[in-house]
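Peer 1: A single structure is presented below for examination.
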Amino acid sequence: MTVPAARPALPDPPALPVTFRPNGTRAVLLSVGTLMLVVITAMSVTLEKLNAGERVSFIFVALLFFGVLCLLSRPKVVADDTGVTVVNLTRVRRLEWPEILRVNLRAGDPWVFLDLSDGTSLPVLGIQPGIAKQKAVRDARALRALVESRGVGKDTATTPTEAAADPATDSATDRATDNGPA
């Protein structure tokens with residue numbers, strides 16, 4: 001008979017309001033965008049064979065590229081006393097605490113998913129293990145602790161397989177999923 005693995009206690013919920021965002025990814029995106037904007041603009045000004053229309057098109061493309069990278073750096077999650085605001089690339093969604101049933105970050109997931117009371121799942125790009133896997137796991141655990149302390153969300157994983165697949169709740173999985181740079 002298989003005995004379910006003991007689950008580590010969740011950390012104390014952080015003080016509210018709290019913002020979760022992939023700072024490393026954001027810094028890289030905004031730095032690269034700024035650098036590309038400066039380089040392409042400088043090239044358009046210094047190349048003597050370009051006419052005014054071509055210079056403007058160079059700068060327009062640089063601004064467009066910078067805008068896309070700014071859009072990619074936008075995701076965040078803001079938790080306050082009344083609920084959670086999820087800011088993804090182009091959409092913002094406000095959730096009350098009771099609407100969130102569970103916070104999921106399984107091995108291989110590109111970001112956190114929230115299981116909602118209406119039966120849907122909401123991707124949360126503001127917590128992603130891309131560059132900083134351990135920070136993402138800590139943030140997922142903190143958000144889960146907030147959901148369980150403020151909402152109706154309770155741990156629904158009943159089998160060891162489900163529990164082991166969730167790095168936000170199982171420290172053994174943290175070691176198992178840390179296979180170097182993500």
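Ordering of the structure tokens sets the chain letters (A, B, ...); residue numbers start at 1 within each chain; ligands are numbered from 1 in the order shown.
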So which bits of segment 26-150 of chain A end up strand (DSSP E or B) when you DSSP the backbone, as a PyMOL selection string?

Peer 2: chain A and resi 76-79+83-87+92-96+100-104+112-116+121-124

Peer 1: Rounded to one decimal, what separation in Å do you get between atom CA of Glu148 of chain A and atom CA of Val112 of chain A?

Peer 2: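 These atoms are spaced 15.8 Å apart.
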
Peer 1: Mind pulling up the distance from atom CA of Gly24 of chain A to atom CA of Thr85 of chain A?

Peer 2: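 Between atom CA of Thr85 of chain A and atom CA of Gly24 of chain A the gap is 20.7 Å.
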
Peer 1: Sorted by chain and rising residue number, which residues of segment 61-122 of chain A lie within 12 Å of segment 34-52 of chain A, and what are their closest atom pairs and distances in Å to one decimal, counting only C-alpha atoms, as a tab-separated table?

Peer 2:
```
residue	atom	partner	partner_atom	distance
A:Val61	CA	A:Ile40	CA	8.5
A:Ala62	CA	A:Leu37	CA	5.0
A:Leu63	CA	A:Leu37	CA	6.5
A:Leu64	CA	A:Leu37	CA	9.2
A:Phe65	CA	A:Leu37	CA	7.8
A:Phe66	CA	A:Leu37	CA	6.4
A:Gly67	CA	A:Leu37	CA	9.9
A:Val68	CA	A:Thr34	CA	11.6
A:Leu69	CA	A:Thr34	CA	9.3
A:Cys70	CA	A:Thr34	CA	9.6
```

Peer 1: Take atom CA of Pro17 of chain A and atom CA of Ala79 of chain A and report the distance between them in Å, one decimal.

Peer 2: 5.5 Å

Peer 1: So that I can see what lies close to Trp97 of chain A, please list as an NGL selection string the residues with an atom at most 8 Å from it, counting only C-alpha atoms and leaving out residues fewer than 6 positions away in the same chain.

Peer 2: :A and (82-84 or 147 or 150-152)

Peer 1: Store the residues picked out above in a file with N, CA and C atoms, as a compact mmCIF listing (two decimals), in the first residue's frame.

Peer 2:
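selection.txt, written as the output of this step:
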```
# COMPACT_ATOMS: atom_id res chain seq x y z
N THR A 82 -8.17 42.38 -0.98
CA THR A 82 -9.42 41.95 -1.58
C THR A 82 -9.27 40.87 -2.64
N GLY A 83 -8.06 40.67 -3.15
CA GLY A 83 -7.89 39.67 -4.18
C GLY A 83 -6.58 39.80 -4.91
N VAL A 84 -6.59 39.28 -6.14
CA VAL A 84 -5.38 39.21 -6.96
C VAL A 84 -5.67 39.84 -8.32
N VAL A 147 -3.51 32.25 -1.01
CA VAL A 147 -4.79 31.69 -1.46
C VAL A 147 -5.40 30.82 -0.37
N ARG A 150 -6.55 33.12 2.65
CA ARG A 150 -7.56 34.15 2.41
C ARG A 150 -8.76 33.66 1.63
N GLY A 151 -8.58 32.62 0.83
CA GLY A 151 -9.67 32.16 -0.02
C GLY A 151 -10.22 30.85 0.46
N VAL A 152 -10.91 30.19 -0.46
CA VAL A 152 -11.44 28.88 -0.15
C VAL A 152 -10.54 27.79 -0.69
```

Peer 1: Which residue is closest to Val103 of chain A? Choose from A:Arg26, A:Lys133, A:Arg55, A:Arg144 and count only C-alpha atoms.

Peer 2: A:Arg144

Peer 1: Using only C-alpha atoms for the distances, tell me which of A:Gly108, A:Asp81, A:Pro75, A:Val87 is nearest to Pro13 of chain A.

Peer 2: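 Result for the nearest residue to Pro13 of chain A: A:Asp81.
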
Peer 1: Pick the closest to Leu114 of chain A from A:Val86, A:Val18, A:Val137, A:Ala132: which is it, counting only C-alpha atoms?

Peer 2: A:Val86

Peer 1: Considering only C-alpha atoms, state which residue in the set A:Thr120, A:Ser31, A:Ser149, A:Gln128 is at the smallest distance from Val77 of chain A.

Peer 2: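 Among the listed residues, the smallest separation from Val77 of chain A belongs to A:Gln128.
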
Peer 1: Quick check for you: according to DSSP on this backbone, which residues of segment 12-168 of chain A are classed as helix (DSSP H, G or I)? Reply as a ChimeraX atom specification.

Peer 2: /A:23-46,52-72,97-99,133-150,160-164

Peer 1: Hey, which of A:Leu122, A:Ile100, A:Leu105, A:Val28 ends up closest to Asn88 of chain A? Count only C-alpha atoms.

Peer 2: A:Leu122

Peer 1: Taking only C-alpha atoms into account, which of A:Ala15, A:Leu72, A:Val78, A:Leu29 comes nearest Arg94 of chain A?

Peer 2: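 Counting only C-alpha atoms, the residue closest to Arg94 of chain A is A:Val78.
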
Peer 1: Write out as a PyMOL selection string the residues lying within 9 Å of Ile127 of chain A, counting only C-alpha atoms and excluding same-chain residues fewer than 4 positions away.

Peer 2: chain A and resi 20-22+75-77+110-112+135-137+139-140
